[in-house]
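Shown below: start21.csv, with CSV, C-alpha atoms.
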chain,number,residue,atom,x,y,z
A,180,MET,CA,-22.4,-9.8,80.2
A,181,LEU,CA,-21.8,-6.2,79.3
A,182,PRO,CA,-24.8,-3.8,79.6
A,183,ILE,CA,-27.2,-4.1,76.7
A,184,THR,CA,-31.0,-3.3,76.4
A,185,ALA,CA,-33.6,-6.1,76.3
A,186,GLY,CA,-34.7,-4.8,72.9
A,187,ALA,CA,-31.2,-5.0,71.5
A,188,LEU,CA,-30.8,-8.6,72.8
A,189,THR,CA,-34.1,-9.6,71.2
A,190,ALA,CA,-33.1,-8.1,67.9
A,191,LEU,CA,-29.8,-9.9,67.6
A,192,ALA,CA,-31.3,-13.1,66.1
A,193,GLY,CA,-33.4,-11.1,63.6
A,194,ALA,CA,-33.0,-8.1,61.4
A,195,CYS,CA,-31.0,-5.2,63.0
A,196,ARG,CA,-28.3,-2.8,61.9
A,197,ARG,CA,-24.8,-3.3,63.3
A,198,PRO,CA,-22.9,-0.1,63.0
A,199,TYR,CA,-19.4,0.3,64.4
A,200,TYR,CA,-16.6,2.8,64.8
A,201,ALA,CA,-13.2,3.3,66.5
A,202,GLU,CA,-11.7,6.0,68.7
A,203,TRP,CA,-8.0,6.9,69.3
A,204,SER,CA,-6.3,8.8,72.1
A,205,ASN,CA,-2.7,9.9,72.6
A,206,ASP,CA,-3.2,11.4,76.1
A,207,GLY,CA,-3.9,8.2,78.1
A,208,GLY,CA,-7.7,8.4,77.4
A,209,ALA,CA,-8.3,12.0,78.7
A,210,THR,CA,-9.7,12.8,75.2
A,211,TRP,CA,-10.8,10.6,72.4
A,212,THR,CA,-11.1,11.3,68.6
A,213,ARG,CA,-13.5,9.3,66.5
A,214,CYS,CA,-12.2,7.7,63.3
A,215,GLY,CA,-13.5,5.2,60.7
A,216,VAL,CA,-12.9,1.6,60.2
A,217,HIS,CA,-12.5,0.0,56.8
A,218,ALA,CA,-15.4,-2.4,56.2
A,219,GLY,CA,-14.6,-5.9,57.3
A,220,SER,CA,-11.2,-5.1,58.7
A,221,ALA,CA,-11.8,-5.0,62.4
A,222,SER,CA,-11.7,-8.3,64.3
A,223,VAL,CA,-12.0,-8.9,68.1
A,224,THR,CA,-11.0,-11.9,70.1
A,225,ALA,CA,-11.6,-12.2,73.8
A,226,ASP,CA,-10.0,-15.2,75.6
A,227,ARG,CA,-10.1,-15.8,79.4
A,228,THR,CA,-7.3,-18.4,79.1
A,229,ALA,CA,-4.9,-15.9,77.6
A,230,GLU,CA,-2.7,-13.5,79.6
A,231,VAL,CA,-4.0,-10.6,77.4
A,232,ARG,CA,-7.8,-11.0,77.3
A,233,TYR,CA,-8.7,-8.8,74.4
A,234,THR,CA,-6.8,-8.7,71.1
A,235,GLY,CA,-7.7,-7.6,67.7
A,236,SER,CA,-6.8,-5.9,64.4
A,237,ALA,CA,-8.2,-3.2,62.3
A,238,THR,CA,-7.7,-0.8,59.4
A,239,LEU,CA,-8.4,2.7,60.5
A,240,THR,CA,-9.5,5.5,58.2
A,241,GLY,CA,-9.5,9.3,58.6
A,242,VAL,CA,-6.3,9.4,60.7
A,243,GLY,CA,-2.6,9.5,59.9
A,244,LEU,CA,0.6,8.0,61.3
A,245,GLY,CA,3.0,9.6,63.7
A,246,ARG,CA,3.3,11.7,66.8
A,247,ASP,CA,0.0,13.5,66.2
A,248,GLY,CA,-1.8,10.4,64.9
A,249,ILE,CA,-1.5,6.6,65.3
A,250,ASN,CA,1.8,5.5,66.8
A,251,PRO,CA,3.0,2.5,68.8
A,252,ILE,CA,4.1,4.5,71.8
A,253,SER,CA,1.2,6.7,73.1
A,254,THR,CA,-1.8,5.6,71.1
A,255,ASN,CA,-4.7,3.7,72.6
A,256,ILE,CA,-7.6,2.5,70.5
A,257,ARG,CA,-11.2,1.8,71.5
A,258,LEU,CA,-13.5,-0.2,69.3
A,259,TRP,CA,-17.3,0.0,69.5
A,260,GLN,CA,-20.0,-2.3,68.2
A,261,GLY,CA,-23.5,-1.1,67.8
A,262,VAL,CA,-26.9,-2.9,67.7
A,263,GLN,CA,-29.8,-1.0,66.3
A,264,PRO,CA,-33.2,-2.7,66.4
A,265,ALA,CA,-35.9,-1.5,64.0
A,266,ARG,CA,-37.2,2.0,64.9
A,267,SER,CA,-34.8,2.3,67.8
A,268,ASP,CA,-31.6,4.2,68.7
A,269,VAL,CA,-28.3,2.4,68.4
A,270,VAL,CA,-27.1,0.6,71.6
A,271,TRP,CA,-23.3,0.9,71.7
A,272,VAL,CA,-21.2,-1.9,73.3
A,273,PRO,CA,-17.5,-1.6,74.0
A,274,ALA,CA,-15.3,-4.1,72.1
A,275,GLY,CA,-12.0,-3.5,73.8
A,276,ARG,CA,-9.5,-0.8,74.6
A,277,TYR,CA,-6.1,-1.6,73.1
A,278,THR,CA,-2.4,-0.6,72.8
A,279,VAL,CA,-1.2,-0.3,69.2
A,280,ASN,CA,1.4,-2.6,67.6
A,281,ASN,CA,3.0,-2.3,64.2
A,282,PRO,CA,0.9,0.5,62.7
A,283,LYS,CA,1.4,0.7,58.9
A,284,GLN,CA,0.0,2.7,56.0
A,285,THR,CA,-2.0,0.6,53.6
A,286,LYS,CA,-4.1,1.4,50.5
A,287,THR,CA,-7.2,1.4,52.6
A,288,GLY,CA,-6.0,3.1,55.8
A,289,ILE,CA,-3.7,2.6,58.8
A,290,GLY,CA,-3.4,-1.1,59.6
A,291,VAL,CA,-3.0,-1.9,63.4
A,292,GLU,CA,-2.5,-4.9,65.5
A,293,LEU,CA,-4.2,-4.5,68.9
A,294,ASP,CA,-3.5,-5.9,72.4
A,295,GLY,CA,-5.3,-5.2,75.7
A,296,LEU,CA,-4.0,-2.9,78.4
A,297,GLU,CA,-2.4,-5.9,80.2
A,298,ASP,CA,0.4,-5.2,77.8
A,299,GLU,CA,1.0,-1.8,79.2
A,300,ILE,CA,1.0,-3.0,82.8
A,301,LYS,CA,3.5,-5.8,81.9
A,302,ALA,CA,5.7,-3.3,80.1
A,303,ALA,CA,5.8,-1.1,83.3
A,304,ALA,CA,8.0,-3.6,85.1
A,305,PHE,CA,9.5,-2.6,88.4
A,306,PRO,CA,12.9,-1.0,87.8
A,307,ALA,CA,14.3,-2.8,90.9
A,308,ALA,CA,13.1,-5.4,93.3
A,309,ARG,CA,10.8,-4.0,95.9
A,310,VAL,CA,8.8,-4.9,99.0
A,311,ILE,CA,5.1,-4.6,98.7
A,312,GLY,CA,2.6,-4.5,101.6
A,313,PRO,CA,1.4,-5.5,104.0
A,314,ASP,CA,-2.0,-3.8,103.2
A,315,THR,CA,-5.4,-4.7,101.7
A,316,ALA,CA,-5.5,-6.3,98.3
A,317,GLN,CA,-7.4,-3.2,97.1
A,318,ALA,CA,-4.8,-0.7,98.2
A,319,ILE,CA,-1.9,-2.7,96.8
A,320,ALA,CA,-3.6,-3.4,93.4
A,321,GLU,CA,-4.9,0.1,92.9
A,322,GLN,CA,-1.4,1.6,93.6
A,323,LEU,CA,0.3,-0.8,91.2
A,324,VAL,CA,-2.2,-0.1,88.5
A,325,ALA,CA,-2.0,3.7,89.0
A,326,GLU,CA,1.8,3.6,88.6
A,327,ALA,CA,1.4,1.9,85.2
A,328,LEU,CA,-1.8,3.4,84.0
A,329,PRO,CA,-2.4,6.9,85.5
A,330,GLY,CA,-6.0,7.8,85.6
A,331,ILE,CA,-7.4,4.3,85.3
A,332,GLY,CA,-9.0,2.7,88.3
A,333,VAL,CA,-9.6,-1.0,89.3
A,334,ALA,CA,-13.0,-2.7,89.2
A,335,TRP,CA,-13.9,-5.3,91.9
A,336,ARG,CA,-16.8,-7.5,90.9
A,337,PRO,CA,-19.2,-9.0,93.5
A,338,GLY,CA,-17.7,-12.1,95.1
A,339,VAL,CA,-14.2,-10.9,95.4
A,340,LYS,CA,-12.9,-9.6,98.7
A,341,PRO,CA,-10.8,-6.4,98.1
A,342,ALA,CA,-10.5,-5.7,101.8
A,343,ARG,CA,-8.6,-8.9,102.5
A,344,ARG,CA,-5.1,-8.3,104.0
A,345,VAL,CA,-2.1,-9.2,101.9
A,346,PRO,CA,1.1,-9.9,103.8
A,347,GLN,CA,4.4,-8.4,102.8
A,348,ILE,CA,5.5,-9.5,99.3
A,349,ALA,CA,9.1,-9.4,98.0
A,350,ALA,CA,8.5,-8.6,94.3
A,351,THR,CA,11.2,-8.8,91.6
A,352,THR,CA,10.4,-7.0,88.4
A,353,ASP,CA,7.1,-8.4,87.1
A,354,ARG,CA,4.2,-6.0,88.0
A,355,TRP,CA,1.5,-8.1,86.3
A,356,ALA,CA,2.6,-11.3,88.1
A,357,VAL,CA,2.0,-9.5,91.4
A,358,LEU,CA,-1.5,-8.3,90.3
A,359,ALA,CA,-2.6,-11.6,88.8
A,360,ALA,CA,-1.3,-15.1,89.3
A,361,GLY,CA,2.5,-15.0,89.2
A,362,ARG,CA,5.0,-17.4,90.8
A,363,ASP,CA,8.4,-16.9,92.3
A,364,GLU,CA,11.6,-18.9,91.5
A,365,THR,CA,10.5,-21.6,93.9
A,366,GLY,CA,7.1,-22.1,92.3
A,367,ALA,CA,5.2,-20.5,95.1
A,368,GLY,CA,2.3,-18.2,94.0
A,369,THR,CA,2.8,-14.5,94.4
A,370,GLY,CA,-0.3,-13.2,92.6
A,371,ILE,CA,-2.9,-11.3,94.4
A,372,ALA,CA,-5.8,-12.5,92.2
A,373,ALA,CA,-4.9,-16.2,92.7
A,374,ALA,CA,-4.7,-15.7,96.5
A,375,LEU,CA,-8.2,-14.2,96.4
A,376,GLY,CA,-9.6,-17.1,94.5
A,377,ALA,CA,-10.1,-14.6,91.6
A,378,GLU,CA,-8.9,-13.7,88.2
A,379,CYS,CA,-7.5,-10.4,87.0
A,380,PHE,CA,-7.9,-9.0,83.5
A,381,CYS,CA,-8.6,-5.8,81.6
A,382,ASP,CA,-12.2,-5.8,80.5
A,383,ALA,CA,-13.9,-4.6,77.3
A,384,ARG,CA,-13.6,-1.0,78.6
A,385,GLY,CA,-9.9,-1.4,79.4
A,386,VAL,CA,-10.5,-1.4,83.1
A,387,PRO,CA,-8.3,-3.8,85.2
A,388,THR,CA,-10.8,-6.0,86.8
A,389,TYR,CA,-10.8,-8.6,89.6
A,390,ALA,CA,-13.6,-11.1,89.2
A,391,PRO,CA,-14.5,-14.5,90.8
A,392,VAL,CA,-13.4,-17.5,88.8
A,393,PRO,CA,-16.5,-18.4,86.8
A,394,THR,CA,-18.2,-21.7,86.9
A,395,THR,CA,-21.1,-23.3,85.0
A,396,ALA,CA,-23.2,-23.0,88.1
A,397,GLY,CA,-23.7,-19.3,87.3
A,398,THR,CA,-27.0,-18.0,85.9
A,399,PRO,CA,-27.2,-18.2,82.1
A,400,VAL,CA,-27.2,-14.7,80.5
A,401,TRP,CA,-28.3,-15.9,77.1
A,402,GLU,CA,-29.9,-18.8,75.3
A,403,LEU,CA,-28.6,-20.3,72.1
A,404,ALA,CA,-31.3,-22.4,70.4
A,405,ARG,CA,-30.6,-24.4,67.3
A,406,GLY,CA,-32.0,-23.0,64.1
A,407,VAL,CA,-33.6,-19.9,65.7
A,408,GLY,CA,-32.5,-16.9,63.7
A,409,GLY,CA,-29.2,-18.7,63.0
A,410,ALA,CA,-28.4,-18.7,66.7
A,411,VAL,CA,-26.5,-22.0,66.8
A,412,VAL,CA,-24.8,-23.5,63.7
A,413,GLU,CA,-23.0,-26.8,63.7
A,414,PRO,CA,-21.8,-27.1,67.3
A,415,GLN,CA,-18.6,-29.2,67.4
A,416,PRO,CA,-18.1,-31.0,70.7
A,417,GLN,CA,-14.6,-32.0,71.9
A,418,GLN,CA,-13.4,-33.8,75.0
A,419,SER,CA,-9.9,-33.7,76.5
A,420,ALA,CA,-8.2,-34.6,79.8
A,421,ASP,CA,-5.4,-32.1,79.5
A,422,SER,CA,-4.8,-30.1,82.7
A,423,LEU,CA,-7.7,-31.8,84.5
A,424,TYR,CA,-7.3,-32.0,88.3
A,425,ASN,CA,-10.0,-33.1,90.7
A,426,LEU,CA,-8.0,-32.8,93.9
A,427,TRP,CA,-6.2,-29.6,94.9
A,428,VAL,CA,-3.7,-29.3,97.8
A,429,ILE,CA,-3.5,-25.7,99.0
A,430,SER,CA,-0.9,-24.4,101.5
A,431,SER,CA,1.0,-21.3,102.6
A,432,ASP,CA,4.5,-21.1,103.9
A,433,THR,CA,6.5,-17.8,104.1
A,434,GLY,CA,9.7,-19.8,104.3
A,435,ASP,CA,10.7,-18.5,107.7
A,436,GLY,CA,8.0,-20.4,109.6
A,437,SER,CA,6.1,-17.3,110.6
A,438,SER,CA,2.9,-18.2,108.9
A,439,ILE,CA,2.0,-21.7,107.8
A,440,VAL,CA,-1.5,-22.6,106.5
A,441,GLY,CA,-2.6,-26.0,105.4
A,442,PRO,CA,-2.4,-28.2,103.7
A,443,VAL,CA,-6.1,-27.7,102.8
A,444,TYR,CA,-7.7,-30.3,100.5
A,445,VAL,CA,-10.4,-29.5,98.0
A,446,TRP,CA,-11.8,-32.2,95.6
A,447,ASP,CA,-14.7,-32.9,93.3
A,448,ASP,CA,-17.2,-34.5,95.7
A,449,ASP,CA,-20.1,-34.8,93.3
A,450,PRO,CA,-20.9,-38.5,92.8
A,451,GLU,CA,-22.6,-37.8,89.5
A,452,SER,CA,-19.5,-36.0,88.1
A,453,LEU,CA,-17.3,-37.8,85.6
A,454,THR,CA,-14.4,-36.4,87.6
A,455,TYR,CA,-15.6,-37.5,91.0
A,456,ALA,CA,-12.6,-38.0,93.3
A,457,GLY,CA,-14.3,-40.2,95.8
A,458,PRO,CA,-15.8,-39.6,99.2
A,459,ASP,CA,-12.5,-38.6,100.7
A,460,PRO,CA,-9.4,-39.2,98.6
A,461,VAL,CA,-7.1,-37.9,101.4
A,462,ALA,CA,-8.3,-39.6,104.5
A,463,ASP,CA,-9.9,-42.7,102.8
A,464,PRO,CA,-8.2,-43.3,99.5
A,465,LEU,CA,-9.4,-46.9,99.4
A,466,ALA,CA,-13.1,-45.9,99.6
A,467,PRO,CA,-13.6,-46.3,95.8
A,468,GLN,CA,-12.3,-49.9,95.9
A,469,ARG,CA,-14.4,-50.7,98.9
A,470,LEU,CA,-17.6,-49.1,97.5
A,471,GLY,CA,-17.2,-50.6,94.0
A,472,LEU,CA,-16.5,-47.2,92.4
A,473,SER,CA,-14.1,-48.7,89.9
A,474,TRP,CA,-14.3,-45.7,87.5
A,475,VAL,CA,-13.0,-43.2,90.0
A,476,ARG,CA,-9.6,-41.7,89.2
A,477,VAL,CA,-7.7,-39.0,91.2
A,478,ARG,CA,-5.7,-36.3,89.5
A,479,THR,CA,-3.8,-34.2,92.1
A,480,GLN,CA,-2.3,-30.7,91.8
A,481,SER,CA,-0.8,-28.4,94.4
A,482,TYR,CA,-0.8,-24.6,94.9
A,483,SER,CA,1.2,-22.7,97.5
A,484,SER,CA,1.3,-19.0,98.2
A,485,PRO,CA,2.6,-16.9,101.0
A,486,LEU,CA,-0.3,-14.6,100.4
A,487,ILE,CA,-2.7,-17.2,101.9
A,488,THR,CA,-3.1,-16.4,105.5
A,489,SER,CA,-6.0,-18.5,106.8
A,490,PRO,CA,-7.6,-22.0,106.2
A,491,ALA,CA,-10.8,-20.2,105.1
A,492,GLN,CA,-8.8,-18.3,102.4
A,493,ALA,CA,-7.0,-21.6,101.4
A,494,GLN,CA,-10.5,-23.2,101.0
A,495,GLU,CA,-11.6,-20.4,98.7
A,496,VAL,CA,-8.5,-20.6,96.6
A,497,GLY,CA,-8.9,-24.4,96.3
A,498,GLU,CA,-12.5,-24.1,95.2
A,499,ALA,CA,-11.5,-21.5,92.6
A,500,LYS,CA,-8.7,-23.8,91.3
A,501,LEU,CA,-11.0,-26.8,91.2
A,502,ALA,CA,-13.7,-24.9,89.3
A,503,ASP,CA,-11.2,-23.8,86.7
A,504,SER,CA,-9.7,-27.3,86.2
A,505,LEU,CA,-12.8,-29.4,86.0
A,506,GLY,CA,-15.2,-27.9,83.5
A,507,ILE,CA,-12.7,-27.4,80.7
A,508,ARG,CA,-12.8,-31.0,79.7
A,509,TYR,CA,-15.9,-31.0,77.6
A,510,SER,CA,-15.8,-28.1,75.2
A,511,LEU,CA,-18.0,-26.9,72.4
A,512,THR,CA,-17.1,-24.8,69.4
A,513,LEU,CA,-20.0,-23.1,67.7
A,514,THR,CA,-21.1,-20.2,65.5
A,515,ALA,CA,-23.9,-18.1,66.9
A,516,ALA,CA,-25.7,-14.8,66.2
A,517,CYS,CA,-23.3,-12.1,67.2
A,518,ASN,CA,-23.9,-10.8,70.7
A,519,PRO,CA,-21.2,-8.2,71.3
A,520,ALA,CA,-22.3,-7.9,75.0
A,521,LEU,CA,-21.0,-11.5,75.8
A,522,GLU,CA,-17.8,-11.7,77.8
A,523,PRO,CA,-15.5,-14.6,78.5
A,524,GLY,CA,-16.7,-16.2,81.7
A,525,ASP,CA,-20.4,-15.7,80.9
A,526,VAL,CA,-22.6,-18.8,81.2
A,527,VAL,CA,-24.9,-19.5,78.3
A,528,ARG,CA,-27.6,-22.1,77.8
A,529,VAL,CA,-26.9,-24.1,74.6
A,530,GLU,CA,-29.2,-26.5,72.8
A,531,VAL,CA,-26.4,-29.0,71.9
A,532,GLN,CA,-28.7,-31.5,70.3
A,533,PRO,CA,-32.4,-31.1,69.4
A,534,GLY,CA,-34.2,-30.8,72.7
A,535,VAL,CA,-31.0,-31.3,74.7
A,536,TRP,CA,-29.9,-28.2,76.7
A,537,GLU,CA,-26.7,-27.6,78.7
A,538,ASN,CA,-25.2,-24.7,80.6
A,539,HIS,CA,-21.8,-23.8,79.1
A,540,LEU,CA,-19.2,-21.3,80.2
A,541,ILE,CA,-17.6,-19.1,77.5
A,542,ASP,CA,-13.8,-19.4,77.4
A,543,SER,CA,-13.3,-17.4,74.2
A,544,LEU,CA,-15.2,-15.5,71.6
A,545,SER,CA,-14.3,-13.8,68.3
A,546,TYR,CA,-16.2,-11.7,65.8
A,547,THR,CA,-15.7,-9.1,63.1
A,548,LEU,CA,-17.2,-5.7,63.7
A,549,GLY,CA,-20.5,-5.4,61.8
A,550,ALA,CA,-20.8,-9.2,61.2
A,551,ALA,CA,-24.1,-11.0,62.0
A,552,SER,CA,-22.3,-14.1,63.5
A,553,MET,CA,-19.6,-14.9,66.0
A,554,SER,CA,-17.5,-17.9,67.1
A,555,LEU,CA,-17.6,-19.2,70.6
A,556,THR,CA,-15.6,-21.8,72.5
A,557,THR,CA,-17.3,-23.0,75.6
A,558,ARG,CA,-16.9,-25.7,78.3
A,559,THR,CA,-19.1,-27.5,80.7
A,560,THR,CA,-18.7,-29.8,83.7
A,561,PRO,CA,-18.6,-33.4,82.6
A,562,ARG,CA,-21.3,-35.7,83.9
A,563,ARG,CA,-21.0,-39.4,84.5
A,564,LEU,CA,-23.2,-41.5,82.1
A,565,THR,CA,-25.9,-43.5,83.9
Reformat the file's structure so that it appears as structure tokens.
Amino acid sequence: MLPITAGALTALAGACRRPYYAEWSNDGGATWTRCGVHAGSASVTADRTAEVRYTGSATLTGVGLGRDGINPISTNIRLWQGVQPARSDVVWVPAGRYTVNNPKQTKTGIGVELDGLEDEIKAAAFPAARVIGPDTAQAIAEQLVAEALPGIGVAWRPGVKPARRVPQIAATTDRWAVLAAGRDETGAGTGIAAALGAECFCDARGVPTYAPVPTTAGTPVWELARGVGGAVVEPQPQQSADSLYNLWVISSDTGDGSSIVGPVYVWDDDPESLTYAGPDPVADPLAPQRLGLSWVRVRTQSYSSPLITSPAQAQEVGEAKLADSLGIRYSLTLTAACNPALEPGDVVRVEVQPGVWENHLIDSLSYTLGAASMSLTTRTTPRRLT
């Protein structure tokens, strides 16, 4: 969750002011100029399952079009959502830093479509194939980001290992694929984030960020109780088996035999989980039949990357892949009191039925600047009914 005061959090479900504004910059963020936002026009969506995490739209006021105003070449936009409890100062929360698409003059201002800075990194493709590394993940990532976004650093959240060595990579043209979770023409993983068991995205401040793959085992940052200040309205549960895998096979092969790791197997070993893969689906695949576990089903997926250089690293990658492919099966769409400090990947405690609480991980959220409510799509790990 983004920084926010305890007083502002408490005020969210009650009466509080929700001011907002925008800023624009044509010099890469060295200076920012504040401008207005037409009421009700600015919307924000943050989705951890999308390649560009933050997207939005707005109608800006007090600024013109063109070289010295809003344009699709050099302009970046920052949105800010405020929370002002009674008799307190406004607490400002970033709501994304964006590139500008299709700016146009309207009767109420300059209409803009907004995409996160991942777009600028992707646009800065390598002009020719190049060899990258060997070096630490931090050194490589920070150089590749600096080439595309001068003056912007890289954030490394706790749990990620930026000092891990990355072997030599033969990159084609896709800069973002190297930074995140790309694959080469053979299907082998070439992304630094995936090889670290992490994910890469531009956060609400526009900072390229490496973070551990979130799981529902994380500590909840907020509670959503039914009927308390409009916190939860009509949760809509949905279940799906799409892209569900409970056994991952992780390996590394450079193609020339110089470094081969694995295969390393990682599976759902929780007997209470609906996606339990059995005691050992690799060495003892008949165990479910022998033990009378007739409900056990194995769904296998593989991942290989030459960036994986040890069995321990392969284990970490497998655990991250497993975490990201189990919990998505039981999802919840709900409307809640708008908390602009929430981020995709945050864990929240939700009262899904009266008196029934579950930990859910936020996959996506959306809200309109100034609105009192927001929409959330969450997921949780399925549990076997007993």
Check your understanding: With all atoms listed in the file as the basis for distance, which of A:Leu486, A:Arg336, A:Leu244, A:Asn425 is at the shortest distance from A:Ile311?
Key ->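 The shortest atom-to-atom distance to A:Ile311 comes from A:Leu486.
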Practice item. Please indicate the distance in Å from atom CA of A:Leu188 to atom CA of A:Pro519, rounded to one decimal place. Key: 9.7 Å
**Study point:** Between atom CA of A:Ala377 and atom CA of A:Pro485, distance in Å (one decimal)
**Key:**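 Atom CA of A:Pro485 lies at a distance of 16.0 Å from atom CA of A:Ala377.
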Practice item. Do a neighbour search on A:Val428 at 7 Å with all atoms listed in the file, toss out local chain neighbours closer than 3 positions, and write the hits as a VMD selection string. Key: chain A and resid 442 to 445 480 to 482
Residue contacts of A:Ala520 (7 Å, only C-alpha atoms) excluding same-chain residues fewer than 3 positions away, as a PDB file with C-alpha atoms, keeping the file's coordinate frame:
ATOM      1  CA  MET A 180     -22.400  -9.800  80.200  1.00  0.00           C
ATOM      2  CA  LEU A 181     -21.800  -6.200  79.300  1.00  0.00           C
ATOM      3  CA  PRO A 182     -24.800  -3.800  79.600  1.00  0.00           C
ATOM      4  CA  ILE A 183     -27.200  -4.100  76.700  1.00  0.00           C
ATOM      5  CA  VAL A 272     -21.200  -1.900  73.300  1.00  0.00           C
TER       6      VAL A 272
END
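Of the listed residues A:Val279, A:Ala390, A:Leu501, A:Val310, the one whose atoms come nearest to A:Leu296 is A:Val279, with distances taken using only C-alpha atoms.
One finds atom CA of A:Cys379 at 18.5 Å from atom CA of A:Gly397.
Of the listed residues A:Glu522, A:Glu299, A:Asp353, A:Asp206, the one whose atoms come nearest to A:Thr369 is A:Asp353, with distances taken using all atoms listed in the file.
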Would you pick out the contacts of A:Val339 at 12 Å or less, using only C-alpha atoms, so that residues sharing its chain but fewer than 4 positions from it are not included, and give the list as a PDB file with C-alpha atoms, keeping the file's coordinate frame?
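Once written, out32.pdb looks like this:
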ATOM      1  CA  ALA A 316      -5.500  -6.300  98.300  1.00  0.00           C
ATOM      2  CA  GLN A 317      -7.400  -3.200  97.100  1.00  0.00           C
ATOM      3  CA  ALA A 334     -13.000  -2.700  89.200  1.00  0.00           C
ATOM      4  CA  TRP A 335     -13.900  -5.300  91.900  1.00  0.00           C
ATOM      5  CA  ARG A 343      -8.600  -8.900 102.500  1.00  0.00           C
ATOM      6  CA  ILE A 371      -2.900 -11.300  94.400  1.00  0.00           C
ATOM      7  CA  ALA A 372      -5.800 -12.500  92.200  1.00  0.00           C
ATOM      8  CA  ALA A 373      -4.900 -16.200  92.700  1.00  0.00           C
ATOM      9  CA  ALA A 374      -4.700 -15.700  96.500  1.00  0.00           C
ATOM     10  CA  LEU A 375      -8.200 -14.200  96.400  1.00  0.00           C
ATOM     11  CA  GLY A 376      -9.600 -17.100  94.500  1.00  0.00           C
ATOM     12  CA  ALA A 377     -10.100 -14.600  91.600  1.00  0.00           C
ATOM     13  CA  GLU A 378      -8.900 -13.700  88.200  1.00  0.00           C
ATOM     14  CA  CYS A 379      -7.500 -10.400  87.000  1.00  0.00           C
ATOM     15  CA  THR A 388     -10.800  -6.000  86.800  1.00  0.00           C
ATOM     16  CA  TYR A 389     -10.800  -8.600  89.600  1.00  0.00           C
ATOM     17  CA  ALA A 390     -13.600 -11.100  89.200  1.00  0.00           C
ATOM     18  CA  PRO A 391     -14.500 -14.500  90.800  1.00  0.00           C
ATOM     19  CA  VAL A 392     -13.400 -17.500  88.800  1.00  0.00           C
ATOM     20  CA  PRO A 393     -16.500 -18.400  86.800  1.00  0.00           C
ATOM     21  CA  GLN A 492      -8.800 -18.300 102.400  1.00  0.00           C
ATOM     22  CA  GLU A 495     -11.600 -20.400  98.700  1.00  0.00           C
ATOM     23  CA  VAL A 496      -8.500 -20.600  96.600  1.00  0.00           C
ATOM     24  CA  ALA A 499     -11.500 -21.500  92.600  1.00  0.00           C
TER      25      ALA A 499
END
**Study point:** Selection near A:Val535, 12 Å with all atoms listed in the file, sequence-local residues under 3 positions removed, as a count of residues only
**Key:** 9
**Study point:** Of the listed residues A:Gly243, A:Gly261, A:Gly312, A:Pro387, that which approaches A:Ala325 most closely, counting only C-alpha atoms
**Key:**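 For A:Ala325, the nearest of the candidates is A:Pro387.
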**Study point:** Top pick for closest residue to A:Cys517, considering A:Ala502, A:Ile249, A:Ile439, A:Ala194 and counting all atoms listed in the file
**Key:** A:Ala194
Point to revise | Pick from A:Thr560, A:Thr285, A:Ser431, A:Asn280, whichever lies nearest to A:Glu537 using all atoms listed in the file | key: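 Closest to A:Glu537 of all the choices is A:Thr560.
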Check your understanding: Excluding same-chain residues fewer than 4 positions from A:Ser543, what lies within 10 Å of it counting only C-alpha atoms, as an MDAnalysis selection string?
Key -> chainID A and resid 224:229 232:233 512 521:525 554:558
Could you work out an axis-aligned bounding box for all listed atoms of stretch 531-540 of chain A, with 3 Å added on each of the six sides, and give its centre and edge lengths in Å to one decimal, as AutoDock Vina command-line options?
--center_x -26.7 --center_y -26.4 --center_z 75.0 --size_x 21.0 --size_y 16.2 --size_z 17.2
